[in-house]
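Asker: Enclosed is the structure file query.csv (CSV, C-alpha atoms).
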chain,number,residue,atom,x,y,z
F,201,MET,CA,-19.9,1.3,-30.2
F,202,ALA,CA,-20.0,4.2,-27.7
F,203,THR,CA,-21.6,6.5,-30.3
F,204,GLU,CA,-24.2,3.9,-31.1
F,205,PHE,CA,-24.9,3.5,-27.4
F,206,PHE,CA,-25.4,7.2,-26.9
F,207,VAL,CA,-27.6,7.6,-30.0
F,208,THR,CA,-29.8,4.7,-28.7
F,209,LYS,CA,-29.9,6.3,-25.3
F,210,ILE,CA,-30.9,9.7,-26.7
F,211,LEU,CA,-33.6,8.1,-28.9
F,212,MET,CA,-34.8,6.1,-25.9
F,213,GLY,CA,-35.0,9.2,-23.8
F,214,PHE,CA,-36.8,11.0,-26.5
F,215,ALA,CA,-39.3,8.2,-26.9
F,216,LEU,CA,-39.8,7.9,-23.2
F,217,GLY,CA,-40.3,11.6,-22.9
F,218,LEU,CA,-42.8,11.5,-25.7
F,219,ILE,CA,-44.7,8.7,-24.0
F,220,THR,CA,-44.5,10.3,-20.6
F,221,PHE,CA,-46.0,13.6,-21.7
F,222,CYS,CA,-48.4,11.6,-23.9
F,223,ASN,CA,-48.8,13.9,-26.8
F,224,LEU,CA,-50.8,11.3,-28.7
F,225,GLY,CA,-54.2,12.5,-28.0
F,226,ASN,CA,-56.4,11.7,-25.0
F,227,CYS,CA,-54.4,9.0,-23.3
F,228,GLU,CA,-52.8,8.1,-20.1
F,229,LEU,CA,-49.5,6.3,-20.2
F,230,VAL,CA,-48.7,3.3,-18.0
F,231,GLU,CA,-45.3,1.5,-18.2
F,232,ILE,CA,-45.5,-2.2,-18.0
F,233,PHE,CA,-42.5,-4.4,-17.7
F,234,GLY,CA,-42.6,-8.0,-18.9
F,235,LEU,CA,-40.1,-10.8,-18.5
F,236,MET,CA,-39.1,-12.5,-21.7
F,237,SER,CA,-40.6,-15.9,-22.2
F,238,SER,CA,-43.0,-15.4,-19.3
F,239,ASN,CA,-46.6,-14.1,-19.3
F,240,VAL,CA,-47.7,-10.5,-18.8
F,241,THR,CA,-51.2,-9.1,-18.3
F,242,LEU,CA,-52.1,-5.6,-19.6
F,243,SER,CA,-55.0,-4.2,-17.6
F,244,PRO,CA,-57.2,-1.2,-18.4
F,245,LEU,CA,-56.9,1.6,-16.0
F,246,GLN,CA,-60.6,1.7,-15.4
F,247,LYS,CA,-61.9,-1.3,-13.5
F,248,MET,CA,-65.2,-2.4,-15.0
F,249,GLU,CA,-66.8,-5.2,-17.0
F,250,PHE,CA,-66.3,-4.6,-20.7
F,251,LYS,CA,-68.9,-5.8,-23.1
F,252,ASP,CA,-66.7,-4.7,-26.0
F,253,ILE,CA,-63.0,-3.9,-25.9
F,254,THR,CA,-60.3,-3.6,-28.6
F,255,TRP,CA,-56.5,-3.9,-27.9
F,256,LYS,CA,-54.3,-2.3,-30.5
F,257,LYS,CA,-50.5,-2.4,-30.8
F,258,GLY,CA,-49.5,0.7,-32.6
F,259,LYS,CA,-52.1,0.8,-35.4
F,260,ASN,CA,-52.7,-2.9,-35.6
F,261,LYS,CA,-55.6,-4.6,-33.8
F,262,VAL,CA,-54.3,-7.5,-31.7
F,263,ALA,CA,-57.3,-8.6,-29.6
F,264,GLU,CA,-61.0,-7.9,-29.7
F,265,ARG,CA,-64.0,-8.8,-27.6
F,266,ARG,CA,-67.6,-8.3,-28.8
F,267,GLU,CA,-70.8,-9.1,-27.0
F,268,ASN,CA,-71.9,-12.7,-27.7
F,269,VAL,CA,-69.0,-13.2,-30.1
F,270,GLN,CA,-65.9,-15.3,-29.3
F,271,ASP,CA,-62.7,-13.3,-28.5
F,272,SER,CA,-60.5,-12.7,-31.5
F,273,PHE,CA,-56.7,-12.4,-31.5
F,274,PHE,CA,-54.7,-11.3,-34.4
F,275,GLY,CA,-51.1,-11.6,-35.8
F,276,PRO,CA,-48.6,-12.9,-33.4
F,277,PHE,CA,-51.1,-13.0,-30.6
F,278,GLU,CA,-53.4,-15.5,-32.2
F,279,LYS,CA,-52.2,-18.4,-30.1
F,280,ARG,CA,-50.7,-16.4,-27.3
F,281,GLY,CA,-53.4,-13.9,-26.4
F,282,ARG,CA,-56.1,-14.1,-23.7
F,283,LEU,CA,-58.9,-11.7,-22.8
F,284,ASP,CA,-61.2,-11.7,-19.8
F,285,GLN,CA,-64.4,-9.9,-18.6
F,286,SER,CA,-62.4,-7.0,-17.1
F,287,GLY,CA,-60.7,-6.3,-20.4
F,288,ASN,CA,-57.3,-7.7,-19.2
F,289,PHE,CA,-55.2,-8.8,-22.1
F,290,THR,CA,-52.7,-11.5,-21.2
F,291,ILE,CA,-49.8,-12.3,-23.5
F,292,LEU,CA,-48.3,-15.7,-23.0
F,293,ASN,CA,-44.6,-16.5,-23.7
F,294,LEU,CA,-43.5,-12.9,-24.2
F,295,MET,CA,-41.2,-12.2,-27.2
F,296,ALA,CA,-39.0,-9.2,-27.8
F,297,SER,CA,-41.3,-8.1,-30.7
F,298,ASP,CA,-44.2,-7.8,-28.3
F,299,GLU,CA,-42.6,-4.6,-26.9
F,300,GLY,CA,-44.4,-1.4,-27.8
F,301,GLN,CA,-47.3,0.9,-27.2
F,302,TYR,CA,-50.7,-0.7,-26.6
F,303,GLU,CA,-54.0,1.2,-26.8
F,304,ILE,CA,-57.4,0.3,-25.5
F,305,GLU,CA,-60.6,1.3,-27.3
F,306,SER,CA,-64.0,0.7,-25.9
F,307,LEU,CA,-67.5,2.1,-26.1
F,308,SER,CA,-67.4,2.0,-22.3
F,309,LEU,CA,-64.5,4.4,-22.2
F,310,THR,CA,-64.8,8.1,-22.9
F,311,ALA,CA,-61.2,8.2,-24.0
F,312,SER,CA,-58.7,5.6,-25.1
F,313,GLU,CA,-56.0,4.4,-22.7
F,314,THR,CA,-52.4,3.8,-23.6
F,315,LEU,CA,-49.8,1.5,-22.1
F,316,TYR,CA,-46.2,0.9,-23.0
F,317,LEU,CA,-44.9,-2.6,-22.7
F,318,TYR,CA,-41.2,-3.2,-22.2
F,319,VAL,CA,-40.0,-6.7,-22.7
F,320,LEU,CA,-36.8,-7.3,-20.6
F,321,GLU,CA,-34.6,-10.3,-20.4
F,322,LYS,CA,-34.0,-12.0,-17.1
F,323,LEU,CA,-30.6,-10.8,-15.7
F,324,LEU,CA,-27.9,-13.4,-15.7
F,325,GLN,CA,-25.1,-13.4,-13.1
F,326,PRO,CA,-23.1,-10.3,-14.0
F,327,ASP,CA,-19.5,-10.7,-15.2
F,328,LEU,CA,-17.0,-9.3,-12.8
F,329,TYR,CA,-13.5,-8.3,-14.2
F,330,CYS,CA,-10.7,-6.8,-12.2
F,331,SER,CA,-7.2,-5.4,-13.0
F,332,PHE,CA,-4.3,-4.6,-10.7
F,333,ASP,CA,-2.0,-1.7,-11.5
F,334,GLY,CA,0.6,-2.5,-8.8
F,335,GLU,CA,-1.3,-0.5,-6.3
F,336,ASN,CA,-5.0,-0.2,-6.9
F,337,ILE,CA,-7.6,-2.7,-8.1
F,338,THR,CA,-10.2,-1.7,-10.7
F,339,VAL,CA,-13.4,-3.8,-10.7
F,340,SER,CA,-15.8,-3.8,-13.7
F,341,CYS,CA,-19.3,-5.3,-13.7
F,342,ASN,CA,-21.0,-6.3,-16.9
F,343,GLY,CA,-24.7,-6.9,-16.0
F,344,SER,CA,-26.4,-7.4,-19.3
F,345,GLU,CA,-26.3,-6.5,-23.0
F,346,ASP,CA,-29.6,-4.8,-22.6
F,347,SER,CA,-28.7,-1.8,-20.5
F,348,ARG,CA,-32.2,-0.3,-20.3
F,349,PHE,CA,-33.5,0.2,-16.8
F,350,LEU,CA,-30.3,-1.6,-15.6
F,351,ASN,CA,-29.0,-0.4,-12.2
F,352,TYR,CA,-25.8,-1.4,-10.4
F,353,GLU,CA,-25.2,-1.6,-6.7
F,354,TRP,CA,-21.8,-2.4,-5.1
F,355,LEU,CA,-21.5,-4.3,-1.8
F,356,PHE,CA,-18.1,-3.9,-0.1
F,357,PRO,CA,-17.3,-3.4,3.6
F,358,GLY,CA,-14.5,-0.9,2.9
F,359,SER,CA,-14.4,2.3,0.9
F,360,TYR,CA,-14.2,2.6,-2.9
F,361,VAL,CA,-14.2,5.2,-5.6
F,362,ILE,CA,-17.1,5.0,-8.2
F,363,MET,CA,-15.6,5.5,-11.7
F,364,SER,CA,-18.9,4.8,-13.5
F,365,PRO,CA,-22.0,2.9,-12.3
F,366,SER,CA,-20.4,-0.3,-13.5
F,367,LYS,CA,-16.8,0.3,-12.5
F,368,VAL,CA,-15.1,1.0,-9.1
F,369,LEU,CA,-11.6,1.5,-7.9
F,370,LEU,CA,-10.2,0.1,-4.6
F,371,ARG,CA,-7.1,1.6,-3.1
F,372,ASN,CA,-4.2,-0.4,-1.8
F,373,ALA,CA,-5.0,0.6,1.8
F,374,GLU,CA,-8.1,-1.6,1.6
F,375,ASP,CA,-7.9,-5.2,2.8
F,376,PHE,CA,-7.7,-7.3,-0.3
F,377,GLN,CA,-8.6,-10.3,1.7
F,378,GLN,CA,-12.3,-9.4,1.3
F,379,THR,CA,-15.0,-10.0,-1.3
F,380,ILE,CA,-16.7,-7.4,-3.4
F,381,SER,CA,-20.2,-8.0,-4.9
F,382,CYS,CA,-22.0,-6.4,-7.8
F,383,VAL,CA,-25.8,-6.5,-7.8
F,384,THR,CA,-27.6,-5.8,-11.0
F,385,ARG,CA,-31.3,-4.9,-11.1
F,386,ASN,CA,-33.9,-4.2,-13.7
F,387,PRO,CA,-37.7,-3.9,-13.0
F,388,VAL,CA,-38.2,-7.6,-13.6
F,389,SER,CA,-35.2,-9.4,-12.2
F,390,THR,CA,-32.1,-9.0,-10.0
F,391,ASN,CA,-28.8,-10.9,-9.9
F,392,GLU,CA,-25.5,-10.8,-8.1
F,393,SER,CA,-21.8,-11.8,-8.5
F,394,SER,CA,-19.0,-11.7,-6.0
F,395,LEU,CA,-15.2,-11.5,-6.5
F,396,PHE,CA,-12.5,-12.3,-4.0
F,397,LEU,CA,-10.1,-9.3,-4.3
F,398,LYS,CA,-6.9,-11.2,-3.7
F,399,THR,CA,-7.4,-13.1,-6.9
F,400,CYS,CA,-7.0,-9.8,-8.8
F,401,VAL,CA,-3.4,-9.5,-7.6
F,402,PRO,CA,-1.1,-11.6,-9.8
F,403,GLU,CA,0.8,-14.3,-7.9
F,404,LYS,CA,4.1,-12.9,-9.0
F,405,ASP,CA,3.2,-9.6,-7.4
F,406,GLN,CA,2.4,-11.4,-4.1
F,407,THR,CA,5.6,-13.4,-3.7
F,408,ARG,CA,7.7,-12.1,-0.9
F,409,HIS,CA,11.4,-11.8,-0.7
F,410,ARG,CA,13.7,-12.4,2.3
F,411,PHE,CA,16.4,-9.7,1.8
F,412,THR,CA,15.5,-8.2,5.2
F,413,LEU,CA,17.0,-11.2,6.9
F,414,ILE,CA,20.4,-10.3,5.6
F,415,GLY,CA,19.9,-6.8,6.8
F,416,SER,CA,18.9,-7.9,10.3
F,417,VAL,CA,21.9,-10.4,10.6
F,418,LEU,CA,24.3,-7.6,9.5
F,419,PHE,CA,22.6,-5.2,12.0
F,420,VAL,CA,23.0,-7.7,14.9
F,421,ALA,CA,26.6,-8.4,13.8
F,422,PHE,CA,27.3,-4.7,13.9
F,423,ILE,CA,25.7,-4.4,17.4
F,424,THR,CA,27.8,-7.4,18.6
F,425,VAL,CA,31.0,-5.8,17.4
F,426,VAL,CA,30.1,-2.5,19.1
F,427,LEU,CA,29.2,-4.3,22.3
F,428,TYR,CA,32.4,-6.4,22.2
F,429,ARG,CA,34.5,-3.2,21.8
F,430,THR,CA,32.8,-1.4,24.7
F,431,THR,CA,32.4,-4.3,27.1
F,432,VAL,CA,35.6,-6.4,26.5
F,433,LEU,CA,38.2,-4.1,24.9
F,434,GLY,CA,36.9,-0.8,26.2
X,283,MET,CA,63.8,-28.4,45.1
X,284,ASP,CA,62.8,-30.0,48.3
X,285,ASN,CA,60.4,-27.2,49.0
X,286,GLY,CA,58.8,-27.6,45.6
X,287,ASP,CA,55.8,-29.4,47.0
X,288,VAL,CA,55.2,-26.6,49.4
X,289,TYR,CA,55.3,-23.7,47.0
X,290,ASN,CA,54.0,-25.2,43.8
X,291,PRO,CA,50.2,-25.3,44.6
X,292,THR,CA,50.1,-21.6,45.6
X,293,THR,CA,51.8,-20.4,42.4
X,294,GLU,CA,49.6,-22.4,40.0
X,295,ASP,CA,46.8,-20.7,38.1
X,296,VAL,CA,43.4,-21.5,39.7
X,297,PRO,CA,41.0,-22.7,37.0
X,298,ALA,CA,37.8,-20.7,36.4
X,299,SER,CA,35.7,-23.7,37.2
X,300,ALA,CA,37.3,-23.8,40.6
X,301,ILE,CA,36.2,-20.2,41.4
X,302,VAL,CA,32.7,-20.5,40.2
X,303,PRO,CA,31.7,-24.1,40.2
X,304,GLY,CA,29.7,-25.2,37.1
X,305,ARG,CA,30.4,-22.1,35.1
X,306,SER,CA,33.2,-23.1,32.7
X,307,SER,CA,33.2,-21.7,29.1
X,308,CYS,CA,30.8,-24.6,28.1
X,309,SER,CA,28.6,-24.4,31.2
X,310,PHE,CA,25.2,-22.8,31.3
X,311,SER,CA,23.5,-21.3,34.3
X,312,LEU,CA,20.3,-19.4,34.8
X,313,ALA,CA,21.5,-17.7,38.0
X,314,ARG,CA,22.1,-14.5,36.1
X,315,PRO,CA,21.0,-11.7,35.5
X,316,SER,CA,18.7,-12.5,38.5
X,317,ARG,CA,16.3,-15.2,39.6
X,318,LEU,CA,13.3,-13.1,38.4
X,319,ARG,CA,14.8,-11.9,35.1
X,320,ALA,CA,16.4,-15.1,33.9
X,321,PRO,CA,13.1,-16.7,32.9
X,322,VAL,CA,12.0,-13.4,31.5
X,323,LYS,CA,15.1,-13.4,29.2
X,324,LEU,CA,14.3,-16.9,28.1
X,325,ALA,CA,10.7,-16.0,27.4
X,326,GLU,CA,11.9,-13.1,25.3
X,327,LEU,CA,14.1,-15.5,23.3
X,328,VAL,CA,11.4,-18.1,22.8
X,329,LEU,CA,8.6,-15.6,22.0
X,330,SER,CA,10.7,-13.6,19.5
X,331,LEU,CA,11.8,-16.9,17.9
X,332,VAL,CA,8.2,-18.1,17.6
X,333,ALA,CA,7.0,-14.8,16.2
X,334,PHE,CA,9.9,-14.9,13.7
X,335,ILE,CA,9.1,-18.5,12.6
X,336,CYS,CA,5.4,-17.7,12.2
X,337,GLU,CA,6.3,-14.7,10.0
X,338,GLU,CA,8.7,-16.8,7.9
X,339,VAL,CA,5.8,-19.2,7.2
X,340,VAL,CA,4.0,-16.5,5.3
X,341,SER,CA,4.8,-17.0,1.6
X,342,ARG,CA,2.7,-14.3,-0.1
X,343,CYS,CA,1.7,-10.7,0.7
X,344,THR,CA,-0.3,-8.0,-0.9
X,345,ARG,CA,1.0,-5.2,1.3
X,346,CYS,CA,4.5,-6.4,2.2
X,347,GLY,CA,5.9,-3.3,4.0
X,348,GLY,CA,4.6,-4.4,7.4
X,349,LEU,CA,5.8,-8.0,6.9
X,350,TYR,CA,9.3,-6.9,6.0
X,351,PHE,CA,9.5,-4.6,9.0
X,352,PHE,CA,8.3,-7.3,11.3
X,353,GLU,CA,10.7,-9.8,9.8
X,354,PHE,CA,13.6,-7.4,10.4
X,355,VAL,CA,12.6,-6.6,14.0
X,356,SER,CA,11.7,-10.2,15.0
X,357,CYS,CA,14.9,-11.6,13.6
X,358,SER,CA,17.0,-8.9,15.2
X,359,ALA,CA,15.2,-9.3,18.5
X,360,PHE,CA,15.8,-13.0,18.5
X,361,LEU,CA,19.5,-12.7,17.7
X,362,LEU,CA,20.0,-9.9,20.3
X,363,SER,CA,18.1,-11.9,22.9
X,364,LEU,CA,20.3,-14.9,22.1
X,365,LEU,CA,23.4,-12.8,22.4
X,366,VAL,CA,22.3,-11.4,25.8
X,367,VAL,CA,21.3,-14.9,27.1
X,368,ILE,CA,24.7,-16.3,26.0
X,369,VAL,CA,26.6,-13.4,27.7
X,370,TYR,CA,24.6,-13.7,31.0
X,371,CYS,CA,24.4,-17.5,31.2
X,372,THR,CA,27.9,-18.5,30.3
X,373,SER,CA,31.4,-17.8,31.7
X,374,LEU,CA,31.6,-15.0,29.1
X,375,TYR,CA,30.0,-12.8,31.7
X,376,ASP,CA,33.1,-13.1,33.9
X,377,ARG,CA,35.4,-11.8,31.1
X,378,VAL,CA,33.4,-8.6,30.2
X,379,ASP,CA,32.8,-5.3,31.9
X,380,GLN,CA,29.7,-6.2,33.8
X,381,ASN,CA,28.5,-2.7,34.4
X,382,LYS,CA,28.6,-2.0,30.7
X,383,VAL,CA,26.8,-5.3,29.9
X,384,LYS,CA,24.0,-4.3,32.3
X,385,LYS,CA,23.9,-0.8,30.7
X,386,SER,CA,23.7,-2.3,27.2
X,387,ASP,CA,21.0,-4.7,28.4
X,388,VAL,CA,18.9,-1.8,29.4
X,389,TYR,CA,19.1,-0.1,26.0
X,390,ILE,CA,18.7,-3.3,24.0
X,391,THR,CA,15.7,-4.4,26.0
X,392,ALA,CA,13.9,-1.0,25.9
X,393,ILE,CA,14.6,-0.4,22.2
X,394,THR,CA,13.7,-4.0,21.2
X,395,GLY,CA,10.5,-3.9,23.1
X,396,LEU,CA,9.4,-0.6,21.6
X,397,MET,CA,10.4,-1.6,18.0
X,398,PHE,CA,8.6,-5.0,18.5
X,399,LEU,CA,5.5,-3.2,19.6
X,400,ILE,CA,5.6,-0.8,16.6
X,401,ALA,CA,6.3,-3.7,14.2
X,402,SER,CA,3.4,-5.8,15.6
X,403,ILE,CA,1.0,-2.9,15.2
X,404,THR,CA,2.2,-2.2,11.6
X,405,PHE,CA,2.0,-5.9,10.7
X,406,ALA,CA,-1.5,-6.2,12.2
X,407,CYS,CA,-2.7,-3.3,10.1
X,408,THR,CA,-1.2,-4.4,6.8
X,409,SER,CA,-1.4,-8.2,7.0
X,410,ASP,CA,-3.8,-10.3,4.8
X,411,GLY,CA,-5.2,-11.9,7.9
X,412,THR,CA,-4.0,-15.5,7.2
X,413,SER,CA,-3.4,-17.8,10.1
X,414,PRO,CA,0.5,-17.6,10.2
X,415,GLU,CA,0.2,-13.8,10.0
X,416,THR,CA,-2.2,-13.6,12.9
X,417,ALA,CA,-0.1,-16.0,14.9
X,418,ALA,CA,3.0,-13.9,14.2
X,419,VAL,CA,1.2,-10.7,15.3
X,420,VAL,CA,0.0,-12.4,18.5
X,421,PHE,CA,3.5,-13.6,19.4
X,422,GLY,CA,4.9,-10.2,18.4
X,423,PHE,CA,2.7,-8.5,20.9
X,424,LEU,CA,3.5,-11.1,23.6
X,425,ALA,CA,7.2,-10.7,22.9
X,426,SER,CA,7.1,-6.9,23.0
X,427,THR,CA,5.1,-7.0,26.3
X,428,VAL,CA,7.8,-9.3,27.8
X,429,PHE,CA,10.6,-7.1,26.6
X,430,LEU,CA,8.9,-4.0,28.2
X,431,ILE,CA,8.2,-5.9,31.4
X,432,ASP,CA,11.9,-6.9,31.5
X,433,PHE,CA,12.8,-3.2,31.0
X,434,GLY,CA,10.5,-2.3,33.9
X,435,LEU,CA,12.2,-5.0,36.1
X,436,LEU,CA,15.6,-3.7,35.1
X,437,LYS,CA,14.8,-0.2,36.1
X,438,PHE,CA,13.1,-1.4,39.3
X,439,GLU,CA,16.2,-3.5,40.3
X,440,ASN,CA,18.5,-0.6,39.5
X,441,ALA,CA,16.4,1.8,41.5
X,442,ARG,CA,16.4,-0.6,44.5
X,443,LYS,CA,20.2,-1.2,44.3
X,444,SER,CA,20.9,2.5,44.2
X,445,GLN,CA,18.7,3.0,47.3
X,446,THR,CA,20.4,0.2,49.3
X,447,ARG,CA,23.9,1.3,48.4
X,448,LYS,CA,23.7,4.9,49.5
X,449,PRO,CA,23.9,4.3,53.3
X,450,GLU,CA,26.8,1.8,52.8
X,451,VAL,CA,29.3,4.5,51.9
X,452,PRO,CA,29.1,7.3,54.4
X,453,GLN,CA,31.0,10.4,53.4
X,454,THR,CA,33.0,10.5,56.7
X,455,THR,CA,34.8,7.3,55.9
X,456,LEU,CA,36.2,8.7,52.7
X,457,THR,CA,37.7,11.7,54.4
X,458,GLN,CA,39.3,9.7,57.2
X,459,PRO,CA,43.0,8.9,56.7
X,460,LEU,CA,43.7,5.2,56.4
X,461,ASN,CA,46.3,5.2,59.0
X,462,GLY,CA,44.2,7.2,61.4
Kindly present the structure from the file in structure tokens form.
Answerer:
Amino acid sequence: MATEFFVTKILMGFALGLITFCNLGNCELVEIFGLMSSNVTLSPLQKMEFKDITWKKGKNKVAERRENVQDSFFGPFEKRGRLDQSGNFTILNLMASDEGQYEIESLSLTASETLYLYVLEKLLQPDLYCSFDGENITVSCNGSEDSRFLNYEWLFPGSYVIMSPSKVLLRNAEDFQQTISCVTRNPVSTNESSLFLKTCVPEKDQTRHRFTLIGSVLFVAFITVVLYRTTVLG
Amino acid sequence: MDNGDVYNPTTEDVPASAIVPGRSSCSFSLARPSRLRAPVKLAELVLSLVAFICEEVVSRCTRCGGLYFFEFVSCSAFLLSLLVVIVYCTSLYDRVDQNKVKKSDVYITAITGLMFLIASITFACTSDGTSPETAAVVFGFLASTVFLIDFGLLKFENARKSQTRKPEVPQTTLTQPLNG
């Protein structure tokens, strides 16, 4: 699982690096983030009125506008695509498969333009887990299955040790009568969960004993005997 | 035996109640240790009892060290205050060495006040902030303040007594022969 995650991460990094440096000819890369099941508009970098424009996803043509001809949409965009005068390509009801590199070709442009569309899911409330080892509390936050562009932020009035971005450790010196919050963010959404720390400590570990009462009674009895000996017998 | 009526009354034991009216073994008086310190002693007793009861209401703790220390100190403070009040306010006081009782009172009051203060600070720092804990801490601080005020009054009274006693015993009277 961890190996798979790292391989994916390396591949993602490689792909991003490739796109960033844009070794695919004359192109400029723009990253666009779209929210799953919502609409996103991909816009040409150059603002002008296009008489002709072709949008391609990879090598496949997905939308086309020609002068005096009705706009054409292809493949999965047939019913979900929209084009306007400025060449903006709007995709309705985004799907995960819409993610990829988009390229614009037009006679009005000297070079093609490239955009990369990421389709991200809306973040749900992160799951917060905690464990108590008798002294410290470890809190883990699970934001989303899709860890791309996912950031964690911790909100806590006291101090804590960051074990990993999604895991923190709270020492026993901290007041467990407080709440800790985990905020998850990706470029299209944000969400937050809170946890009352005292719930992390099992009830059996919180139950007090009253052995000290015996100690104090014995202590006072001892003092009384000493005082009796000094003030009455002495 | 005709003279029995004459001698008998003078040879009978005089009951303690006859010497100090209203101070039998079952009687209770607030005349001691002094008019000022008697209510202070009662305040110590009540405040330490309330602090102890509030602390006993607490059923759970995450950092229990402070709670246990406070429990020990408040319980001991209450029992010692009760002991001191019983000794001062009953006829028991007439049967004990009063100077030693006063001396013990100084130590008990000072040490209890100091320990109560430390216990209250420790408990305030380690408590979970629930209502009974907060109440216990507040009464703990009040009790420790009263104990320390009592200690101050004790020292003040002792200092005043030693000042007023000095001129009463001039050295010359000791050196003079009794038959002189």
Asker: List the neighbours of Glu392 of chain F out to 6 Å using all atoms listed in the file; skip same-chain residues closer than 4 positions along the sequence, and give me the result as a compact mmCIF listing (two decimals) with C-alpha atoms, in the frame of the given file.
Answerer:
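And here's part-v1.txt as it stands now:
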# COMPACT_ATOMS: atom_id res chain seq x y z
CA GLN F 325 -25.10 -13.40 -13.10
CA CYS F 382 -22.00 -6.40 -7.80
CA VAL F 383 -25.80 -6.50 -7.80
Asker: Determine which residues of chain X sit within 10 Å of chain F, taking into account all atoms listed in the file, and present them as a short mmCIF file (atom, residue, chain, number, x, y, z; two decimals) with C-alpha atoms, keeping the file's coordinate frame.
Answerer:
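out_39.cif written:
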data_model
loop_
_atom_site.label_atom_id
_atom_site.label_comp_id
_atom_site.auth_asym_id
_atom_site.auth_seq_id
_atom_site.Cartn_x
_atom_site.Cartn_y
_atom_site.Cartn_z
CA GLU X 338 8.70 -16.80 7.90
CA VAL X 340 4.00 -16.50 5.30
CA SER X 341 4.80 -17.00 1.60
CA ARG X 342 2.70 -14.30 -0.10
CA CYS X 343 1.70 -10.70 0.70
CA THR X 344 -0.30 -8.00 -0.90
CA ARG X 345 1.00 -5.20 1.30
CA CYS X 346 4.50 -6.40 2.20
CA LEU X 349 5.80 -8.00 6.90
CA TYR X 350 9.30 -6.90 6.00
CA PHE X 351 9.50 -4.60 9.00
CA PHE X 352 8.30 -7.30 11.30
CA GLU X 353 10.70 -9.80 9.80
CA PHE X 354 13.60 -7.40 10.40
CA VAL X 355 12.60 -6.60 14.00
CA SER X 356 11.70 -10.20 15.00
CA CYS X 357 14.90 -11.60 13.60
CA SER X 358 17.00 -8.90 15.20
CA ALA X 359 15.20 -9.30 18.50
CA PHE X 360 15.80 -13.00 18.50
CA LEU X 361 19.50 -12.70 17.70
CA LEU X 362 20.00 -9.90 20.30
CA LEU X 365 23.40 -12.80 22.40
CA VAL X 366 22.30 -11.40 25.80
CA LEU X 374 31.60 -15.00 29.10
CA TYR X 375 30.00 -12.80 31.70
CA ARG X 377 35.40 -11.80 31.10
CA VAL X 378 33.40 -8.60 30.20
CA ASP X 379 32.80 -5.30 31.90
CA GLN X 380 29.70 -6.20 33.80
CA ASN X 381 28.50 -2.70 34.40
CA LYS X 382 28.60 -2.00 30.70
CA VAL X 383 26.80 -5.30 29.90
CA LYS X 384 24.00 -4.30 32.30
CA LYS X 385 23.90 -0.80 30.70
CA SER X 386 23.70 -2.30 27.20
CA ILE X 390 18.70 -3.30 24.00
CA CYS X 407 -2.70 -3.30 10.10
CA THR X 408 -1.20 -4.40 6.80
CA SER X 409 -1.40 -8.20 7.00
CA ASP X 410 -3.80 -10.30 4.80
CA GLY X 411 -5.20 -11.90 7.90
CA THR X 412 -4.00 -15.50 7.20
#
Asker: Dump as a PyMOL selection string all residues having an atom at most 9 Å from (0.3, -19.0, 9.6), computed in the file's coordinates with all atoms listed in the file.
Answerer: chain X and resi 336-340+412-418
Asker: In Å, rounded to a single decimal, give me how far atom CA of Ile304 of chain F is from atom CA of Asp252 of chain F.
Answerer: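 Answer for the atom CA of Asp252 of chain F to atom CA of Ile304 of chain F separation: 10.6 Å.
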Asker: Given only C-alpha atoms as the basis, pick out the residue of F:Lys261, F:Lys279, F:Arg385, F:Arg348 nearest to Leu323 of chain F.
Answerer: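 Counting only C-alpha atoms, the residue closest to Leu323 of chain F is F:Arg385.
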Asker: From the options X:Asp376, X:Ile400, X:Arg442, X:Gly395, which residue's atoms come nearest to Leu430 of chain X, counting all atoms listed in the file?
Answerer: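 Closest residue, counting all atoms listed in the file: X:Gly395.
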Asker: I want to know what sits within 8 Å of Cys330 of chain F, based on only C-alpha atoms, with residues of the same chain fewer than 2 positions away left out; could you give that as a list in words?
Answerer: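 The contact residues come out as Leu328, Phe332, Ile337, Thr338, Val339, Ser340 and Cys400 of chain F.
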Asker: Using all atoms listed in the file for the distances, tell me which of X:Ala392, X:Leu327, X:Val367, X:Ile403 is nearest to Leu435 of chain X.
Answerer: X:Ala392
Asker: Quick one, how far is atom CA of Leu292 of chain F from atom CA of Gln270 of chain F?
Answerer: 18.7 Å
Asker: Would you mind telling me which residue in X:Ser330, X:Ser426, X:Ser444, X:Ser316 lies nearest to Phe398 of chain X when using all atoms listed in the file?
Answerer: X:Ser426
